[in-house]
Amino acid sequence: METVSVARRHGGVQGVYRHGAAETGCDMQFAVFVPPHAAGARLPVLWFLSGLTCTHANVMEKGEYARAAAEQGVIFVAPDTSPRGDGVADDPGYDLGQGAGFYLDATQAPWAPHFRMASYLERELPAVIADNFPADMARQGIMGHSMGGHGALTIALRSPGRFKSVSAFAPIVAPMDCPWGQRAFAAYLGPDRASWRGYDACALIEDGARLDELLVDQGGDDAFLTEQLMPERLEAGCATAGIPLKLRRQPGYDHGYHFVSTFMAEHVAWHAARLTR
């Protein structure tokens, strides 16, 4: 692991790091904030998965998480959204290719060799975090925004027992039935919709996957609310499955980081309460 940059932040250390990832076959960057802590302490870990077109830098620079993470004593990890670099397949559209990994393992050409974000986040990057930071990997939470909200939900649903807390900002909850998801899934996974179900939160819940509880914030003035996000699908699925869901509809907020940053500290505190029990 190579250190790209480090800076003092709210008494802790904000770093950006790079490593050669076996799962994606390319260098991957990620950001980690380590709060102030006593020597030898092991701290809970909170993952944040970002949305379309983003890198680790978007939430690092605009998410306003560091003060809350420092106060709560939580390590905050922000991976990239996809593989990148020369030789990695791409597409002219913002919603496919580099910056749009959709947190899945692609099976179709030309995406399959590098677009293995599910395996990268479920196995490889957690091992890097465990080896290089004062992380208590028995206490992990996960959250994300938009495409990253989709990633947080699906990775948590696919990884029973790993996460003690799960939340999301404006997540894509039913990608099989929205334009963003349909375009990405057809390209990455092929035409067989049965193979898509493992990366669709509503389908995973319908197929028996469960979470202990879930917090979701959704902006009421989000331009993508009706066509792409459809939080009512998640609400209905959780009700049927008996998953306690707190869906907070926030009037006047849109889809961007002004929305995310407004409620970030509340999410960090919500996770910390569950990670420090």
# chains A, B, ... in the order shown; residues from 1 in each chain; ligands from 1
call {"tool": "select_by_dssp", "arguments": {"residues": "region 48-272 of chain A", "states": "helix (DSSP H, G or I)", "output": "ChimeraX atom specification"}}
result
/A:56-62,66-72,117-132,147-158,175-177,179-189,193-199,201-206,225-229,231-241,257-272
call {"tool": "select_by_dssp", "arguments": {"residues": "region 62-220 of chain A", "states": "strand (DSSP E or B)", "output": "PyMOL selection string"}}
result
chain A and resi 75-79+97+100+105+116+135-145+163-169+214-219
call {"tool": "residues_around", "arguments": {"residues": "region 62-75 of chain A", "least_positions_apart": "3", "cutoff": "10 Å", "atoms": "only C-alpha atoms", "output": "PyMOL selection string"}}
result
chain A and resi 9-14+32-37+42-47+57-59+129+133-136+139-141+256-273+275-276
call {"tool": "residues_around", "arguments": {"residues": "Leu157 (chain A)", "least_positions_apart": "4", "cutoff": "7 Å", "atoms": "only C-alpha atoms", "output": "short mmCIF file (atom, residue, chain, number, x, y, z; two decimals) with N, CA, C and O atoms, in the first residue's frame"}}
result
data_model
loop_
_atom_site.label_atom_id
_atom_site.label_comp_id
_atom_site.auth_asym_id
_atom_site.auth_seq_id
_atom_site.Cartn_x
_atom_site.Cartn_y
_atom_site.Cartn_z
N LEU A 153 -26.41 -1.29 0.28
CA LEU A 153 -27.51 -2.20 0.56
C LEU A 153 -27.21 -3.61 0.06
O LEU A 153 -27.41 -4.60 0.77
N LEU A 204 -33.06 -8.99 -3.64
CA LEU A 204 -32.40 -9.76 -2.58
C LEU A 204 -33.30 -9.94 -1.37
O LEU A 204 -33.38 -11.03 -0.80
N ALA A 209 -32.92 -12.39 1.73
CA ALA A 209 -31.85 -11.72 2.45
C ALA A 209 -32.45 -10.73 3.45
O ALA A 209 -33.50 -10.13 3.20
N ARG A 210 -31.77 -10.53 4.57
CA ARG A 210 -32.32 -9.70 5.63
C ARG A 210 -31.26 -8.78 6.23
O ARG A 210 -30.06 -9.09 6.22
N LEU A 211 -31.70 -7.65 6.77
CA LEU A 211 -30.91 -6.75 7.58
C LEU A 211 -31.61 -6.58 8.93
O LEU A 211 -32.83 -6.68 9.00
#
call {"tool": "atom_distance", "arguments": {"atom1": "CA of Asp105 (chain A)", "atom2": "CA of Ser119 (chain A)"}}
result
6.7 Å
call {"tool": "residues_around", "arguments": {"residues": "region 25-31 of chain A", "least_positions_apart": "3", "cutoff": "6 Å", "atoms": "only C-alpha atoms", "output": "ChimeraX atom specification"}}
result
/A:15-22,56,77-80,114
call {"tool": "residues_around", "arguments": {"residues": "His150 (chain A)", "least_positions_apart": "5", "cutoff": "6 Å", "atoms": "only C-alpha atoms", "output": "list of chain:residue names"}}
result
A:Pro171, A:Ile172, A:Val173
call {"tool": "residues_around", "arguments": {"residues": "Asp221 (chain A)", "least_positions_apart": "3", "cutoff": "9 Å", "atoms": "only C-alpha atoms", "output": "ChimeraX atom specification"}}
result
/A:218,224-225,250-255
call {"tool": "atom_distance", "arguments": {"atom1": "CA of Pro83 (chain A)", "atom2": "CA of Ala112 (chain A)"}}
result
11.2 Å
call {"tool": "atom_distance", "arguments": {"atom1": "CA of Ala89 (chain A)", "atom2": "CA of Ala118 (chain A)"}}
result
17.1 Å
